[in-house]
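> Would you mind keeping the following structure in view while I ask a few things?
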Amino acid sequence: MTSSGVFLRGNVSSITTLLIGLFFFLSIPSQIGISESTDLSGVNSRTMPYLIASAIILLSLYTIVSNIFANRKVETVKSNDEPNEITSYGRVFLAFVAIALWIVIVPYLGFNITTIMLVTTIMIIIGKCRWWQIAIVALALSFPINYLLAAVLKVYLPSGSVFG
């Protein structure tokens, strides 16, 4: 495989993240308005989005550059005992589908039930988890997050139209 093919294969996610970060950075002025105030402070409603988009861009560039330098180093001899696991983009796609379905289903079934379903689904997609691990993690994430958001931070969470 050519060196450009190796570069692209190793940096697909970083390049995608870089492009998304650039898109967000460039779209901030058209999406977030600035209120007309006489405040002399340089902090406004665009400051945090600019910081986050800049962090995404810089971290993506750092990852790309570090991968380039890592590919230039002499490869050490790898043992044949453990084959390298290839990233399964199908699993990543299924995880995104699960999250998208979670967003759609939350208003109907409520936060707790759908979060348990989401965590269970993601753990099944990841694989190599026993059923009791899945149950413990799903319950241990759902209820404390619900308590934190609803009781402590006073965020409205949907209870689900199916259950009242």
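By convention here, the chains of the structure tokens are called A, B, ... in the order presented, each chain's residues are numbered starting at 1, and ligands are numbered starting at 1 in the order presented.
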Quick one: residues within 10 Å of stretch 26-33 of chain A, only C-alpha atoms, excluding same-chain residues fewer than 5 positions away - as a list of chain:residue names?

A:Ile20, A:Gly21, A:Asn44, A:Ser45, A:Arg46, A:Thr47, A:Pro49, A:Tyr50, A:Ala53

> At a cut-off of 8 Å, using only C-alpha atoms, what residues contact stretch 105-120 of chain A? Leave out same-chain residues fewer than 4 positions from it and give the result as a PyMOL selection string.

chain A and resi 98-99+101+124+134-135+137-139+141-143+146+157-163

> Can I get the selected residues back with N, CA, C and O atoms, as a PDB file, in the first residue's frame?


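This is the output file result-v3.pdb:
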```
ATOM      1  N   ALA A  98     -28.038   3.624  17.173  1.00  0.00           N
ATOM      2  CA  ALA A  98     -28.642   3.438  18.491  1.00  0.00           C
ATOM      3  C   ALA A  98     -28.856   4.772  19.191  1.00  0.00           C
ATOM      4  O   ALA A  98     -29.907   5.007  19.801  1.00  0.00           O
ATOM      5  N   ILE A  99     -27.890   5.669  19.086  1.00  0.00           N
ATOM      6  CA  ILE A  99     -28.033   6.988  19.712  1.00  0.00           C
ATOM      7  C   ILE A  99     -29.131   7.796  19.035  1.00  0.00           C
ATOM      8  O   ILE A  99     -29.928   8.469  19.692  1.00  0.00           O
ATOM      9  N   LEU A 101     -31.769   6.567  17.490  1.00  0.00           N
ATOM     10  CA  LEU A 101     -33.045   5.985  17.924  1.00  0.00           C
ATOM     11  C   LEU A 101     -33.371   6.389  19.358  1.00  0.00           C
ATOM     12  O   LEU A 101     -34.538   6.611  19.695  1.00  0.00           O
ATOM     13  N   ILE A 124     -23.882  -4.316  23.920  1.00  0.00           N
ATOM     14  CA  ILE A 124     -24.026  -5.496  23.061  1.00  0.00           C
ATOM     15  C   ILE A 124     -23.275  -5.276  21.753  1.00  0.00           C
ATOM     16  O   ILE A 124     -22.615  -6.186  21.243  1.00  0.00           O
ATOM     17  N   ILE A 134     -23.690  -6.141  31.680  1.00  0.00           N
ATOM     18  CA  ILE A 134     -24.574  -5.233  30.945  1.00  0.00           C
ATOM     19  C   ILE A 134     -25.665  -4.699  31.859  1.00  0.00           C
ATOM     20  O   ILE A 134     -25.954  -3.494  31.882  1.00  0.00           O
ATOM     21  N   ALA A 135     -26.276  -5.575  32.650  1.00  0.00           N
ATOM     22  CA  ALA A 135     -27.352  -5.157  33.548  1.00  0.00           C
ATOM     23  C   ALA A 135     -26.848  -4.189  34.615  1.00  0.00           C
ATOM     24  O   ALA A 135     -27.477  -3.154  34.876  1.00  0.00           O
ATOM     25  N   VAL A 137     -24.117  -2.212  34.596  1.00  0.00           N
ATOM     26  CA  VAL A 137     -23.690  -0.931  34.028  1.00  0.00           C
ATOM     27  C   VAL A 137     -24.892  -0.109  33.569  1.00  0.00           C
ATOM     28  O   VAL A 137     -24.956   1.105  33.788  1.00  0.00           O
ATOM     29  N   ALA A 138     -25.864  -0.762  32.943  1.00  0.00           N
ATOM     30  CA  ALA A 138     -27.047  -0.027  32.473  1.00  0.00           C
ATOM     31  C   ALA A 138     -27.802   0.600  33.636  1.00  0.00           C
ATOM     32  O   ALA A 138     -28.202   1.773  33.569  1.00  0.00           O
ATOM     33  N   LEU A 139     -27.987  -0.141  34.708  1.00  0.00           N
ATOM     34  CA  LEU A 139     -28.697   0.401  35.864  1.00  0.00           C
ATOM     35  C   LEU A 139     -27.843   1.419  36.618  1.00  0.00           C
ATOM     36  O   LEU A 139     -28.347   2.441  37.087  1.00  0.00           O
ATOM     37  N   LEU A 141     -25.674   3.417  35.420  1.00  0.00           N
ATOM     38  CA  LEU A 141     -25.580   4.681  34.691  1.00  0.00           C
ATOM     39  C   LEU A 141     -26.911   5.415  34.624  1.00  0.00           C
ATOM     40  O   LEU A 141     -26.963   6.627  34.774  1.00  0.00           O
ATOM     41  N   SER A 142     -27.985   4.697  34.407  1.00  0.00           N
ATOM     42  CA  SER A 142     -29.275   5.331  34.171  1.00  0.00           C
ATOM     43  C   SER A 142     -29.802   6.089  35.382  1.00  0.00           C
ATOM     44  O   SER A 142     -30.130   7.276  35.287  1.00  0.00           O
ATOM     45  N   PHE A 143     -29.898   5.436  36.510  1.00  0.00           N
ATOM     46  CA  PHE A 143     -30.528   6.068  37.668  1.00  0.00           C
ATOM     47  C   PHE A 143     -29.695   7.183  38.292  1.00  0.00           C
ATOM     48  O   PHE A 143     -30.252   8.234  38.627  1.00  0.00           O
ATOM     49  N   ASN A 146     -30.048  10.158  35.988  1.00  0.00           N
ATOM     50  CA  ASN A 146     -31.387  10.714  36.143  1.00  0.00           C
ATOM     51  C   ASN A 146     -31.466  11.553  37.415  1.00  0.00           C
ATOM     52  O   ASN A 146     -32.004  12.663  37.401  1.00  0.00           O
ATOM     53  N   LEU A 157     -36.558  16.155  32.504  1.00  0.00           N
ATOM     54  CA  LEU A 157     -36.339  14.944  31.721  1.00  0.00           C
ATOM     55  C   LEU A 157     -37.690  14.352  31.364  1.00  0.00           C
ATOM     56  O   LEU A 157     -38.586  14.297  32.206  1.00  0.00           O
ATOM     57  N   PRO A 158     -37.849  13.899  30.138  1.00  0.00           N
ATOM     58  CA  PRO A 158     -39.145  13.345  29.742  1.00  0.00           C
ATOM     59  C   PRO A 158     -39.448  12.060  30.499  1.00  0.00           C
ATOM     60  O   PRO A 158     -38.594  11.200  30.671  1.00  0.00           O
ATOM     61  N   SER A 159     -40.710  11.968  30.965  1.00  0.00           N
ATOM     62  CA  SER A 159     -41.125  10.749  31.653  1.00  0.00           C
ATOM     63  C   SER A 159     -41.766   9.770  30.685  1.00  0.00           C
ATOM     64  O   SER A 159     -41.996   8.620  31.043  1.00  0.00           O
ATOM     65  N   GLY A 160     -42.056  10.222  29.499  1.00  0.00           N
ATOM     66  CA  GLY A 160     -42.610   9.343  28.471  1.00  0.00           C
ATOM     67  C   GLY A 160     -44.098   9.490  28.349  1.00  0.00           C
ATOM     68  O   GLY A 160     -44.830   9.466  29.340  1.00  0.00           O
ATOM     69  N   SER A 161     -44.574   9.666  27.144  1.00  0.00           N
ATOM     70  CA  SER A 161     -46.002   9.821  26.913  1.00  0.00           C
ATOM     71  C   SER A 161     -46.738   8.490  27.006  1.00  0.00           C
ATOM     72  O   SER A 161     -47.938   8.467  27.219  1.00  0.00           O
ATOM     73  N   VAL A 162     -46.041   7.393  26.852  1.00  0.00           N
ATOM     74  CA  VAL A 162     -46.671   6.085  26.949  1.00  0.00           C
ATOM     75  C   VAL A 162     -47.086   5.803  28.387  1.00  0.00           C
ATOM     76  O   VAL A 162     -48.126   5.201  28.649  1.00  0.00           O
ATOM     77  N   PHE A 163     -46.288   6.266  29.344  1.00  0.00           N
ATOM     78  CA  PHE A 163     -46.539   5.977  30.762  1.00  0.00           C
ATOM     79  C   PHE A 163     -47.165   7.136  31.515  1.00  0.00           C
ATOM     80  O   PHE A 163     -47.302   7.071  32.727  1.00  0.00           O
TER      81      PHE A 163
END
```

> Give the helix (DSSP H, G or I) residues of stretch 29-149 of chain A, as assigned by DSSP on the backbone, as a PyMOL selection string.

chain A and resi 29-31+47-72+89-109+111-126+131-149

> In terms of the shortest atom-to-atom distance over only C-alpha atoms, which of A:Thr121, A:Ala151, A:Lys128, A:Leu22 is closest to A:Ser60?

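Smallest separation from A:Ser60 among the options: A:Leu22.
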
> As a list in words, please: the residues near A:Leu58 (cut-off 10 Å, only C-alpha atoms, same-chain neighbours under 6 positions excluded).

Leu18, Gly21, Ile52 and Ile64 of chain A

> I want to know what sits within 12 Å of A:Val65, based on only C-alpha atoms, with residues of the same chain fewer than 5 positions away left out; could you give that as a PyMOL selection string?

chain A and resi 7+10-11+14-15+58-60+70-72

> Keeping C-alpha atoms, export the residues of the selection given above as an mmCIF file, in the first residue's frame.


```
data_model
loop_
_atom_site.group_PDB
_atom_site.id
_atom_site.type_symbol
_atom_site.label_atom_id
_atom_site.label_comp_id
_atom_site.auth_asym_id
_atom_site.auth_seq_id
_atom_site.Cartn_x
_atom_site.Cartn_y
_atom_site.Cartn_z
ATOM 1 C CA PHE A 7 -1.788 8.066 5.933
ATOM 2 C CA GLY A 10 -4.755 5.887 9.927
ATOM 3 C CA ASN A 11 -6.218 9.383 9.974
ATOM 4 C CA SER A 14 -9.022 12.677 12.711
ATOM 5 C CA ILE A 15 -9.498 14.255 9.279
ATOM 6 C CA LEU A 58 -6.249 21.714 17.452
ATOM 7 C CA LEU A 59 -6.676 18.231 18.913
ATOM 8 C CA SER A 60 -7.449 16.815 15.477
ATOM 9 C CA ALA A 70 4.618 7.647 14.396
ATOM 10 C CA ASN A 71 4.463 6.243 10.841
ATOM 11 C CA ARG A 72 7.934 7.607 10.087
#
```
